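Coordinates from work_38.cif are shown below (mmCIF, C-alpha atoms and all ligand atoms).
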```
data_data
#
loop_
_atom_site.label_atom_id
_atom_site.label_comp_id
_atom_site.auth_asym_id
_atom_site.auth_seq_id
_atom_site.Cartn_x
_atom_site.Cartn_y
_atom_site.Cartn_z
CA MET A 1 23.63 25.69 15.55
CA ILE A 2 22.98 22.06 14.71
CA GLN A 3 23.36 21.05 11.03
CA ARG A 4 20.35 19.81 9.11
CA ASN A 5 20.45 16.22 7.83
CA PRO A 6 21.60 16.92 4.23
CA CYS A 7 19.31 14.17 2.89
CA ILE A 8 16.28 16.28 3.82
CA ALA A 9 17.47 18.95 1.39
CA ASN A 10 17.34 16.35 -1.40
CA ILE A 11 13.65 15.58 -1.02
CA LYS A 12 11.18 17.54 -3.13
CA ALA A 13 8.93 19.80 -1.10
CA GLY A 14 5.48 18.38 -0.44
CA TYR A 15 4.72 14.68 -0.03
CA LEU A 16 2.13 13.65 -2.64
CA PHE A 17 -0.93 13.11 -0.44
CA PRO A 18 -0.69 16.28 1.69
CA GLU A 19 -0.19 18.18 -1.59
CA ILE A 20 -3.47 16.77 -2.90
CA ALA A 21 -5.21 17.66 0.37
CA LYS A 22 -3.85 21.22 0.04
CA ARG A 23 -5.12 21.59 -3.53
CA ARG A 24 -8.54 20.33 -2.40
CA ARG A 25 -8.61 22.89 0.45
CA ASP A 26 -7.51 25.71 -1.89
CA TYR A 27 -10.22 24.78 -4.40
CA ALA A 28 -12.88 24.64 -1.65
CA ALA A 29 -11.77 28.02 -0.30
CA ALA A 30 -12.05 29.57 -3.77
CA HIS A 31 -15.45 27.93 -4.45
CA PRO A 32 -17.84 28.47 -1.52
CA GLU A 33 -20.58 26.62 -3.46
CA THR A 34 -18.76 23.36 -2.66
CA ALA A 35 -20.16 23.69 0.85
CA GLN A 36 -23.56 22.74 -0.71
CA ARG A 37 -24.54 19.10 -0.83
CA GLU A 38 -25.07 18.93 -4.62
CA THR A 39 -21.77 20.58 -5.46
CA ARG A 40 -19.64 19.16 -2.65
CA ILE A 41 -16.19 17.79 -3.38
CA ILE A 42 -16.00 13.99 -3.50
CA SER A 43 -12.67 12.27 -2.95
CA LEU A 44 -11.50 9.37 -5.08
CA GLY A 45 -7.97 10.48 -4.23
CA VAL A 46 -6.17 9.13 -1.21
CA GLY A 47 -6.66 5.41 -0.55
CA ASN A 48 -8.34 5.88 2.81
CA THR A 49 -11.05 3.52 4.05
CA THR A 50 -14.49 5.00 4.70
CA GLU A 51 -16.76 2.20 5.95
CA PRO A 52 -17.32 1.31 9.62
CA ILE A 53 -15.41 -1.61 11.08
CA LEU A 54 -17.68 -4.67 10.91
CA PRO A 55 -19.25 -6.08 14.11
CA HIS A 56 -17.14 -9.13 14.90
CA ILE A 57 -13.86 -7.28 14.36
CA GLY A 58 -15.22 -4.22 16.17
CA GLY A 59 -16.19 -6.49 19.06
CA GLY A 60 -12.60 -7.69 19.26
CA LEU A 61 -11.36 -4.11 19.50
CA ALA A 62 -13.93 -3.22 22.16
CA GLU A 63 -13.13 -6.34 24.17
CA GLY A 64 -9.40 -5.57 23.88
CA ALA A 65 -10.03 -2.11 25.33
CA ARG A 66 -12.26 -3.52 28.08
CA ARG A 67 -9.67 -6.09 29.14
CA LEU A 68 -7.11 -3.34 29.69
CA THR A 69 -9.37 -1.97 32.43
CA THR A 70 -9.24 -5.20 34.43
CA ALA A 71 -6.54 -6.59 36.73
CA GLU A 72 -6.56 -9.97 34.96
CA GLY A 73 -6.66 -8.58 31.43
CA TYR A 74 -4.25 -5.66 31.68
CA SER A 75 -1.07 -5.77 29.58
CA GLY A 76 1.71 -3.27 28.90
CA TYR A 77 4.38 -3.21 26.17
CA GLN A 78 4.08 -6.08 23.65
CA ASP A 79 7.27 -5.36 21.72
CA GLU A 80 7.32 -8.13 19.14
CA GLY A 81 3.56 -8.68 19.05
CA LEU A 82 1.27 -11.26 20.61
CA LEU A 83 2.45 -14.81 19.93
CA GLU A 84 -1.17 -15.87 19.31
CA LEU A 85 -1.53 -13.17 16.65
CA ARG A 86 1.68 -14.12 14.88
CA GLU A 87 0.60 -17.78 14.84
CA LYS A 88 -2.84 -16.87 13.54
CA ILE A 89 -1.41 -14.63 10.76
CA ALA A 90 0.76 -17.58 9.65
CA ALA A 91 -2.22 -19.95 9.70
CA VAL A 92 -4.76 -17.68 7.95
CA PHE A 93 -2.76 -15.58 5.48
CA TYR A 94 0.11 -17.94 4.67
CA LYS A 95 -1.58 -21.33 4.37
CA ASN A 96 -0.68 -21.62 0.65
CA ILE A 97 3.03 -20.84 0.89
CA ALA A 98 5.70 -23.06 -0.63
CA GLY A 99 7.65 -25.22 1.82
CA GLU A 100 7.41 -25.04 5.59
CA ALA A 101 4.89 -22.91 7.46
CA LEU A 102 6.09 -19.50 8.67
CA LYS A 103 7.31 -19.51 12.26
CA PRO A 104 6.11 -16.88 14.74
CA ASP A 105 9.62 -15.42 15.04
CA GLU A 106 9.59 -14.70 11.31
CA ILE A 107 6.50 -12.49 11.73
CA PHE A 108 6.87 -9.05 13.33
CA ILE A 109 3.72 -7.14 14.31
CA SER A 110 3.82 -3.45 13.40
CA ASP A 111 1.70 -0.31 13.48
CA GLY A 112 1.23 -0.51 9.72
CA ALA A 113 2.99 -1.32 6.47
CA LYS A 114 4.10 2.26 5.76
CA CYS A 115 5.82 2.54 9.14
CA ASP A 116 7.75 -0.69 8.57
CA ILE A 117 8.71 0.32 5.01
CA GLY A 118 10.39 3.35 6.57
CA ARG A 119 12.04 1.41 9.39
CA LEU A 120 13.27 -1.42 7.11
CA GLN A 121 15.50 1.09 5.34
CA LEU A 122 17.62 1.18 8.52
CA LEU A 123 18.75 -2.38 7.69
CA PHE A 124 20.47 -1.29 4.48
CA GLY A 125 21.44 2.30 5.03
CA ALA A 126 22.83 5.06 2.88
CA GLY A 127 24.94 3.21 0.32
CA THR A 128 22.22 0.89 -0.92
CA ALA A 129 21.24 0.74 -4.59
CA VAL A 130 17.44 1.00 -4.80
CA ALA A 131 15.09 -0.03 -7.61
CA VAL A 132 11.35 0.56 -7.84
CA GLN A 133 8.51 -0.25 -10.14
CA ASP A 134 7.67 2.97 -11.96
CA PRO A 135 5.03 4.09 -11.00
CA SER A 136 5.06 3.10 -7.33
CA TYR A 137 3.85 4.08 -3.84
CA PRO A 138 5.94 7.23 -3.08
CA VAL A 139 7.16 6.06 0.34
CA TYR A 140 9.68 3.65 -1.24
CA VAL A 141 11.48 6.46 -3.07
CA ASP A 142 10.98 9.29 -0.58
CA GLY A 143 12.12 7.07 2.30
CA SER A 144 15.21 6.07 0.30
CA VAL A 145 16.06 9.74 -0.23
CA LEU A 146 15.65 10.49 3.47
CA ILE A 147 18.03 7.69 4.47
CA GLY A 148 20.62 8.78 1.88
CA ALA A 149 20.21 5.78 -0.43
CA ALA A 150 19.17 8.20 -3.19
CA GLY A 151 20.39 11.64 -4.10
CA ALA A 152 18.89 14.87 -5.38
CA TRP A 153 15.88 15.28 -7.68
CA GLN A 154 16.99 15.35 -11.32
CA GLY A 155 14.01 16.58 -13.27
CA SER A 156 12.06 13.35 -13.61
CA GLY A 157 13.48 11.16 -10.85
CA TYR A 158 15.95 10.95 -7.96
CA ALA A 159 19.65 10.23 -8.55
CA GLY A 160 20.59 6.70 -7.61
CA ILE A 161 17.10 5.18 -7.98
CA SER A 162 16.54 2.69 -10.80
CA TYR A 163 13.02 3.27 -12.12
CA LEU A 164 11.69 0.16 -13.88
CA PRO A 165 8.81 1.30 -16.09
CA CYS A 166 5.52 -0.57 -15.75
CA THR A 167 3.44 0.49 -18.72
CA ALA A 168 0.60 -0.70 -20.93
CA GLU A 169 3.26 -2.01 -23.34
CA ASN A 170 4.77 -4.42 -20.79
CA GLY A 171 1.47 -5.30 -19.08
CA TYR A 172 2.48 -3.20 -16.04
CA PHE A 173 5.22 -5.71 -15.16
CA PRO A 174 8.82 -4.47 -15.33
CA ASP A 175 11.65 -5.69 -17.52
CA LEU A 176 13.64 -7.61 -14.90
CA SER A 177 16.80 -7.61 -17.04
CA ALA A 178 17.10 -3.92 -16.03
CA LEU A 179 17.23 -4.82 -12.32
CA PRO A 180 20.68 -3.90 -10.94
CA ALA A 181 22.54 -6.70 -9.15
CA GLY A 182 22.67 -6.49 -5.37
CA CYS A 183 19.96 -3.83 -5.05
CA LEU A 184 16.92 -3.42 -2.82
CA PHE A 185 13.81 -3.76 -5.04
CA TYR A 186 10.39 -2.55 -3.90
CA PHE A 187 7.64 -4.54 -5.57
CA CYS A 188 3.94 -4.12 -4.84
CA SER A 189 1.19 -6.56 -5.90
CA PRO A 190 -1.69 -5.90 -6.30
CA ASN A 191 -0.03 -2.72 -7.34
CA ASN A 192 -0.58 0.77 -6.08
CA PRO A 193 -1.20 2.71 -8.32
CA THR A 194 -1.68 0.59 -11.49
CA GLY A 195 -3.96 -2.03 -9.91
CA ALA A 196 -1.99 -4.78 -11.68
CA ALA A 197 -1.81 -8.06 -9.75
CA ALA A 198 1.23 -10.12 -10.74
CA SER A 199 0.64 -13.67 -12.00
CA ARG A 200 2.38 -16.75 -10.64
CA ASP A 201 4.69 -16.82 -13.68
CA GLN A 202 5.58 -13.16 -13.20
CA LEU A 203 6.35 -13.63 -9.51
CA SER A 204 8.37 -16.76 -10.31
CA ALA A 205 10.43 -14.65 -12.74
CA LEU A 206 10.81 -11.99 -10.04
CA VAL A 207 12.05 -14.52 -7.47
CA LYS A 208 14.43 -16.05 -10.00
CA ALA A 209 15.83 -12.59 -10.87
CA GLY A 210 16.10 -11.76 -7.17
CA ARG A 211 18.08 -14.91 -6.42
CA ASP A 212 20.25 -14.79 -9.55
CA LYS A 213 21.18 -11.14 -9.00
CA GLY A 214 21.45 -11.11 -5.20
CA VAL A 215 18.56 -8.63 -5.00
CA LEU A 216 16.54 -8.24 -1.81
CA ILE A 217 12.86 -7.74 -2.64
CA ILE A 218 10.59 -5.78 -0.32
CA PHE A 219 7.24 -7.24 -1.36
CA ASP A 220 4.35 -4.97 -0.40
CA ALA A 221 1.18 -7.06 -0.18
CA ALA A 222 -1.03 -4.42 1.46
CA TYR A 223 -3.84 -5.12 -1.06
CA ALA A 224 -3.51 -8.95 -1.19
CA GLU A 225 -7.02 -9.50 0.23
CA TYR A 226 -8.45 -7.72 -2.83
CA ILE A 227 -7.31 -10.56 -5.08
CA ARG A 228 -10.36 -12.41 -6.38
CA ASP A 229 -8.74 -14.49 -9.13
CA PRO A 230 -7.75 -17.76 -7.38
CA ALA A 231 -4.85 -18.26 -9.80
CA LEU A 232 -3.08 -15.13 -8.54
CA PRO A 233 -0.65 -15.46 -5.61
CA LYS A 234 -1.35 -13.35 -2.51
CA SER A 235 2.14 -13.71 -1.08
CA ILE A 236 5.65 -13.85 -2.53
CA TYR A 237 6.17 -16.94 -0.34
CA GLU A 238 3.73 -18.88 -2.53
CA ILE A 239 6.63 -18.96 -4.97
CA ASP A 240 9.48 -21.47 -4.45
CA GLY A 241 12.59 -19.56 -3.38
CA GLY A 242 10.67 -16.48 -2.19
CA ARG A 243 11.92 -17.04 1.34
CA GLU A 244 15.53 -16.71 0.16
CA CYS A 245 15.11 -13.26 -1.42
CA ALA A 246 12.07 -11.42 -0.04
CA ILE A 247 10.76 -9.54 2.95
CA GLU A 248 6.97 -9.09 2.88
CA VAL A 249 5.09 -6.16 4.43
CA ASN A 250 1.36 -6.27 4.96
CA SER A 251 -1.42 -4.63 6.89
CA PHE A 252 -4.95 -4.81 8.30
CA SER A 253 -5.59 -1.26 7.00
CA LYS A 254 -7.31 -2.11 3.74
CA PRO A 255 -8.92 -5.53 4.44
CA ALA A 256 -10.26 -4.70 7.92
CA GLY A 257 -10.62 -0.91 7.73
CA PHE A 258 -7.75 -0.39 10.22
CA THR A 259 -6.26 2.71 8.50
CA GLY A 260 -6.93 4.64 11.71
CA VAL A 261 -6.53 1.71 14.12
CA ARG A 262 -2.98 0.99 12.80
CA LEU A 263 -1.89 -2.62 12.65
CA GLY A 264 0.34 -4.45 10.20
CA TRP A 265 3.09 -7.01 10.05
CA THR A 266 6.38 -7.79 8.33
CA VAL A 267 7.69 -11.24 7.46
CA VAL A 268 11.45 -11.70 7.53
CA PRO A 269 12.28 -15.36 6.77
CA LYS A 270 15.19 -16.99 8.58
CA GLU A 271 16.70 -17.97 5.20
CA LEU A 272 17.41 -14.33 4.27
CA ARG A 273 21.12 -13.43 4.42
CA TYR A 274 23.19 -10.38 3.53
CA ALA A 275 26.17 -10.65 1.19
CA GLY A 276 28.38 -11.29 4.25
CA GLY A 277 26.18 -14.19 5.42
CA GLU A 278 24.64 -12.41 8.43
CA SER A 279 20.96 -13.05 9.26
CA VAL A 280 18.53 -10.34 8.12
CA ASN A 281 15.93 -11.74 10.54
CA ALA A 282 18.26 -11.29 13.53
CA ASP A 283 19.07 -7.73 12.46
CA TRP A 284 15.42 -6.86 11.99
CA ALA A 285 14.63 -8.16 15.49
CA ARG A 286 17.43 -5.91 16.80
CA VAL A 287 16.48 -2.84 14.76
CA ALA A 288 12.72 -3.10 15.31
CA GLY A 289 13.30 -3.78 18.99
CA THR A 290 15.34 -0.59 19.19
CA VAL A 291 13.22 1.92 17.27
CA PHE A 292 9.71 0.48 17.74
CA ASN A 293 7.90 -0.22 21.01
CA GLY A 294 5.20 -2.59 19.76
CA ALA A 295 1.73 -2.18 18.32
CA SER A 296 -1.34 -1.21 20.33
CA ASN A 297 -2.72 -4.09 22.39
CA ILE A 298 -6.25 -3.01 21.44
CA ALA A 299 -5.40 -3.10 17.74
CA GLN A 300 -3.92 -6.58 18.18
CA ALA A 301 -7.13 -7.77 19.86
CA GLY A 302 -9.03 -6.45 16.83
CA ALA A 303 -6.65 -8.25 14.48
CA LEU A 304 -7.16 -11.52 16.37
CA ALA A 305 -10.92 -11.12 15.85
CA ALA A 306 -10.32 -10.34 12.15
CA LEU A 307 -8.59 -13.71 11.83
CA ASP A 308 -11.51 -15.66 13.35
CA GLU A 309 -13.77 -17.38 10.82
CA GLU A 310 -16.36 -14.61 11.24
CA GLY A 311 -13.68 -11.92 10.96
CA VAL A 312 -12.31 -13.40 7.73
CA LYS A 313 -15.86 -13.27 6.30
CA GLU A 314 -16.12 -9.63 7.35
CA MET A 315 -12.78 -8.76 5.71
CA LYS A 316 -13.96 -10.41 2.48
CA ALA A 317 -17.26 -8.50 2.61
CA LEU A 318 -15.44 -5.18 3.16
CA CYS A 319 -13.03 -5.79 0.25
CA ASP A 320 -15.99 -6.88 -1.94
CA PHE A 321 -17.74 -3.61 -1.13
CA TYR A 322 -14.76 -1.49 -2.28
CA LEU A 323 -14.29 -3.76 -5.32
CA GLY A 324 -17.95 -2.96 -6.14
CA ASN A 325 -17.01 0.74 -6.10
CA ALA A 326 -14.00 -0.03 -8.30
CA ALA A 327 -16.24 -1.73 -10.88
CA LEU A 328 -18.52 1.33 -10.99
CA ILE A 329 -15.55 3.66 -11.61
CA ARG A 330 -13.90 1.42 -14.19
CA ASP A 331 -17.13 0.79 -16.11
CA ARG A 332 -17.94 4.49 -16.27
CA LEU A 333 -14.44 5.41 -17.46
CA ARG A 334 -14.62 2.76 -20.17
CA LYS A 335 -18.05 4.01 -21.27
CA LEU A 336 -16.53 7.47 -21.56
CA GLY A 337 -13.79 6.03 -23.78
CA ILE A 338 -11.04 6.64 -21.21
CA PRO A 339 -8.59 3.70 -21.31
CA CYS A 340 -8.05 2.21 -17.86
CA VAL A 341 -6.83 -0.91 -16.04
CA GLY A 342 -7.12 -2.27 -12.50
CA GLY A 343 -10.08 -2.44 -10.18
CA ASP A 344 -10.67 -6.18 -10.54
CA ASN A 345 -8.15 -7.54 -8.02
CA SER A 346 -7.34 -4.16 -6.53
CA PRO A 347 -9.08 -1.03 -5.22
CA TYR A 348 -7.29 1.27 -7.69
CA ILE A 349 -8.10 2.15 -11.30
CA TRP A 350 -5.33 3.53 -13.48
CA ALA A 351 -6.69 5.71 -16.24
CA GLN A 352 -4.75 7.12 -19.16
CA PHE A 353 -5.14 10.57 -20.69
CA PRO A 354 -2.64 10.34 -23.58
CA GLY A 355 -0.49 13.40 -24.19
CA ARG A 356 -1.81 15.24 -21.11
CA ASP A 357 -0.03 16.30 -17.94
CA SER A 358 -1.33 14.43 -14.87
CA TRP A 359 -1.70 17.53 -12.67
CA GLU A 360 -3.52 19.32 -15.49
CA VAL A 361 -6.01 16.42 -15.73
CA PHE A 362 -6.28 16.36 -11.91
CA ASN A 363 -7.24 20.07 -12.01
CA GLU A 364 -9.72 19.53 -14.83
CA ILE A 365 -11.49 16.72 -12.98
CA LEU A 366 -11.58 18.82 -9.81
CA GLU A 367 -12.92 21.88 -11.60
CA LYS A 368 -15.47 20.20 -13.89
CA CYS A 369 -16.61 17.37 -11.60
CA GLN A 370 -15.57 18.46 -8.08
CA VAL A 371 -13.91 15.05 -7.77
CA VAL A 372 -10.45 14.67 -6.21
CA THR A 373 -8.18 12.04 -7.77
CA THR A 374 -4.44 11.36 -7.61
CA PRO A 375 -2.15 12.49 -10.47
CA GLY A 376 -0.16 9.58 -11.86
CA SER A 377 3.05 11.58 -12.13
CA GLY A 378 3.14 11.67 -8.31
CA PHE A 379 3.97 7.95 -8.40
CA GLY A 380 6.97 8.26 -10.73
CA PRO A 381 7.98 9.37 -14.22
CA ALA A 382 6.03 6.57 -15.97
CA GLY A 383 2.86 7.80 -14.22
CA GLN A 384 2.80 10.96 -16.36
CA SER A 385 -0.52 11.25 -18.29
CA PHE A 386 -2.25 8.89 -15.87
CA ILE A 387 -4.77 9.48 -13.10
CA ARG A 388 -5.35 7.07 -10.20
CA PHE A 389 -8.95 6.64 -9.04
CA SER A 390 -9.32 5.17 -5.55
CA ALA A 391 -12.34 2.95 -4.85
CA PHE A 392 -12.39 3.86 -1.15
CA GLY A 393 -15.58 5.84 -0.62
CA HIS A 394 -19.21 5.61 0.44
CA ARG A 395 -21.30 3.97 -2.31
CA ALA A 396 -23.55 7.01 -2.78
CA ASP A 397 -20.49 9.27 -3.17
CA VAL A 398 -18.88 6.96 -5.72
CA GLU A 399 -22.16 6.78 -7.68
CA GLU A 400 -22.40 10.56 -7.66
CA ALA A 401 -18.72 10.96 -8.62
CA VAL A 402 -19.02 8.62 -11.61
CA ARG A 403 -22.19 10.46 -12.78
CA ARG A 404 -20.21 13.71 -12.71
CA LEU A 405 -17.36 12.19 -14.76
CA ALA A 406 -19.67 12.52 -17.78
CA ARG A 407 -18.79 16.25 -17.67
CA LEU A 408 -15.25 15.50 -18.85
C1 LIG B 501 -1.93 8.07 2.40
C2 LIG B 501 1.24 -0.04 -1.28
C3 LIG B 501 -2.67 4.86 0.37
N1 LIG B 501 -1.16 8.96 4.47
O1 LIG B 501 -1.89 1.81 6.46
P1 LIG B 501 -0.58 1.11 6.27
O2 LIG B 501 0.58 1.90 6.81
O3 LIG B 501 -0.58 -0.28 6.76
O4 LIG B 501 -0.36 0.96 4.68
C4 LIG B 501 0.05 2.04 3.88
C5 LIG B 501 0.32 1.56 2.52
C6 LIG B 501 1.31 0.60 2.34
N2 LIG B 501 1.56 0.09 1.11
C7 LIG B 501 0.90 0.54 0.05
C8 LIG B 501 -0.07 1.52 0.18
O5 LIG B 501 -0.73 1.95 -0.91
C9 LIG B 501 -0.37 2.05 1.43
C10 LIG B 501 -1.40 3.11 1.60
N3 LIG B 501 -1.50 4.00 0.50
C11 LIG B 501 -2.62 5.54 -0.98
O6 LIG B 501 -3.55 6.32 -1.28
O7 LIG B 501 -1.71 5.29 -1.77
C12 LIG B 501 -2.74 5.85 1.50
C13 LIG B 501 -1.76 6.96 1.37
C14 LIG B 501 -1.15 7.83 3.59
C15 LIG B 501 0.29 7.51 3.18
O8 LIG B 501 1.06 8.38 2.98
O9 LIG B 501 0.61 6.34 3.10
#
```

Would you encode the structure as structure tokens?
Ligand code: PL4
Amino acid sequence: MIQRNPCIANIKAGYLFPEIAKRRRDYAAAHPETAQRETRIISLGVGNTTEPILPHIGGGLAEGARRLTTAEGYSGYQDEGLLELREKIAAVFYKNIAGEALKPDEIFISDGAKCDIGRLQLLFGAGTAVAVQDPSYPVYVDGSVLIGAAGAWQGSGYAGISYLPCTAENGYFPDLSALPAGCLFYFCSPNNPTGAAASRDQLSALVKAGRDKGVLIIFDAAYAEYIRDPALPKSIYEIDGGRECAIEVNSFSKPAGFTGVRLGWTVVPKELRYAGGESVNADWARVAGTVFNGASNIAQAGALAALDEEGVKEMKALCDFYLGNAALIRDRLRKLGIPCVGGDNSPYIWAQFPGRDSWEVFNEILEKCQVVTTPGSGFGPAGQSFIRFSAFGHRADVEEAVRRLARL
């Protein structure tokens, strides 16, 4: 018989979000009253968009689908993504970057940020030292385990991963002196799950540490369009030197409601080199061209519409809507005396329940309020005692959920 990839044996059973979905199903099965409207379960758990795609962007998607039915408009594989889309992403999302404008061949269209985070690990392989913000989006760590860059679970973390705590004490920004030289460092801003958006000074320190220590940063900017404070950078390339040390992944999922449409992009600047001097950009073109067959043409047509003036307004309106939900959640938690951060430049609120176990608090909120959340410990050891509240939800559901939180 064929041997199993030994790395799979290292990964803990149950990826965080399916585990939450399972607990929700189990609770519903044991409580038939949750089938009633008044007692139904409301999810502030997974960060999944709920609102319809807005008309201009939706029109782009519909027109993209229609064109495929015509002889003049039909297109097949679009491996590296439409040139027009790559140019428009550079012009709209990267107009404030330091130095020269991004070139289309530095922007790779994908089917979403998560998919590229997984594929990017092929560039570095099994021997790579990996560091993460702790807590962080689980894909960085779980993907590293699957590719063999990290070893077995050791009680509170995986062997071979450097967890850099991001806590109330350090303002949810890690101590960069603990960053190992020559590692791959996953950094997310605005952060999932803490909601912290790094300042210009913090990102300048990150870029300096990256360059001084020969660290390659994977900068996850999936929530950049939620930044409302104009002083906060939306891209690592707004910082001088960012192009020499960082790959950036991003997505239309959260600003345009494309979680189910699937469209993202990855920026790999030409300046990026490995220790041996080889081009990371050239390798990524080779790797992505081998294991990925291009994003949906319909999704790309939608993304083009999202980058029109009207589409940009729609993306802002959608993010503002979810930020309105975030404010409702944060204000209610604060009124209840539960310490929390985030929700101002991000759709996540990070709430602390000192001395408690995250899963125990998750269960209590589910049982007393019929509200699903995400336990902070699922994002890393420093997430213990925290709960993440997601602001993705219908307004009426969020209002009802925050009313119920008074039962805690
Ligand atoms: C649940 C920091 C959510 N099944 O949609 P994509 O692939 O372009 O972006 C995914 C993504 C990338 N980067 C960050 C993210 O937070 C996310 C989405 N995270 C969450 O609740 O944390 C959805 C998670 C989904 C999953 O496993 O990713």

- prompt: When distances are computed from only C-alpha atoms and all ligand atoms, which of A:Val249, A:Ala126, A:Ile53, A:Cys166 shows the smallest separation from ligand LIG 501 (chain B)?
  reply: A:Val249

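Based on all atoms listed in the file, the protein and nucleic acid residues found within 6 Å of ligand LIG 501 (chain B) are, by chain and then by number, Phe17, Val46, Gly47, Asn48, Gly112, Ala113, Lys114, Cys115, Tyr137, Asn192, Asp220, Ala222, Ser251, Ser253, Thr259 and Gly264 of chain A.
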
field: Residue contacts of Leu123 in chain A (12 Å, all atoms listed in the file) excluding same-chain residues fewer than 3 positions away, as JSON, numbers by chain
entry: {"A": [116, 117, 118, 119, 120, 126, 127, 128, 144, 147, 149, 184, 216, 218, 247, 268, 273, 274, 278, 279, 280, 281, 282, 283, 284, 285, 286, 287, 288, 291]}

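Comparing A:Leu318, A:Cys340, A:Leu333, A:Leu44 by their smallest distance to Ile20 in chain A, the closest is A:Leu44 (using all atoms listed in the file).
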
message: I want to know what sits within 9 Å of Ala231 in chain A, based on only C-alpha atoms, with residues of the same chain fewer than 2 positions away left out; could you give that as a ChimeraX atom specification?
response: /A:199-200,228-229,233

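The list of residues with at least one atom within 12 Å of Arg334 in chain A, based on all atoms listed in the file and without residues fewer than 2 positions apart in the same chain, reads Ala327, Leu328, Ile329, Arg330, Asp331, Arg332, Leu336, Gly337, Ile338, Pro339, Cys340, Val341, Gly342, Ile349, Trp350, Ala351, Gln352, Val402, Leu405 and Ala406 of chain A.
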
statement: re CA of Leu323 in chain A and CA of Ala396 in chain A: distance 14.4 Å

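Of note, CA of Tyr348 in chain A and CA of Ala178 in chain A are spaced 26.3 Å apart.
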
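Across the model, the gap from CA of Ala382 in chain A to CA of Ala197 in chain A is 17.7 Å.
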
Quick one: residues within 8 Å of range 150-160 of chain A, only C-alpha atoms, excluding same-chain residues fewer than 6 positions away - as a PDB file with C-alpha atoms, in the frame of the given file?
```pdb
ATOM      1  CA  CYS A   7      19.310  14.170   2.890  1.00  0.00           C
ATOM      2  CA  ASN A  10      17.340  16.350  -1.400  1.00  0.00           C
ATOM      3  CA  ILE A  11      13.650  15.580  -1.020  1.00  0.00           C
ATOM      4  CA  LYS A  12      11.180  17.540  -3.130  1.00  0.00           C
ATOM      5  CA  ALA A 126      22.830   5.060   2.880  1.00  0.00           C
ATOM      6  CA  ALA A 129      21.240   0.740  -4.590  1.00  0.00           C
ATOM      7  CA  VAL A 130      17.440   1.000  -4.800  1.00  0.00           C
ATOM      8  CA  VAL A 141      11.480   6.460  -3.070  1.00  0.00           C
ATOM      9  CA  SER A 144      15.210   6.070   0.300  1.00  0.00           C
ATOM     10  CA  GLY A 380       6.970   8.260 -10.730  1.00  0.00           C
ATOM     11  CA  PRO A 381       7.980   9.370 -14.220  1.00  0.00           C
TER      12      PRO A 381
END
```

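When all atoms listed in the file are used to measure the gap to Glu367 in chain A, the shortest distance among A:Asn293, A:Thr39, A:Ser162, A:Ser346 belongs to A:Thr39.
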
- request: List the neighbours of range 307-309 of chain A out to 9 Å using all atoms listed in the file; skip same-chain residues closer than 6 positions along the sequence, and give me the result as a ChimeraX atom specification.
  value: /A:56-57,85,88-89,92-93,315

Restricting it to C-alpha atoms, dump the selection as a tab-separated table (two decimals), keeping the file's coordinate frame.
```tsv
chain	number	residue	atom	x	y	z
A	56	HIS	CA	-17.14	-9.13	14.90
A	57	ILE	CA	-13.86	-7.28	14.36
A	85	LEU	CA	-1.53	-13.17	16.65
A	88	LYS	CA	-2.84	-16.87	13.54
A	89	ILE	CA	-1.41	-14.63	10.76
A	92	VAL	CA	-4.76	-17.68	7.95
A	93	PHE	CA	-2.76	-15.58	5.48
A	315	MET	CA	-12.78	-8.76	5.71
```

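Taking all atoms listed in the file into account, the residues near (11.4, -7.7, -8.6), no farther than 7 Å, are Leu176, Phe185, Phe187, Leu206, Val207, Ala209, Gly210 and Ile217 of chain A.
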
- request: Pull the neighbourhood of (-11.9, 12.6, -1.6) for me: all residues within 12 Å in file coordinates, counting all atoms listed in the file, as number ranges by chain.
  value: A: 17, 20-25, 40-50, 366, 370-374, 389-394, 397-398, 401

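Among the candidate residues A:Ile387, A:Ala326, A:Ile365, A:Ile161, the one lying nearest to Pro193 in chain A is A:Ile387, with distances computed using only C-alpha atoms.
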
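Counting all atoms listed in the file and comparing A:Glu364, A:Glu314, A:Asp79, A:Glu244, the residue that lies closest to Glu271 in chain A is A:Glu244.
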
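Considering the residues A:Phe219, A:Tyr77, A:Tyr163, A:Phe362 and counting all atoms listed in the file, Lys234 in chain A has its shortest atom-to-atom contact with A:Phe219.
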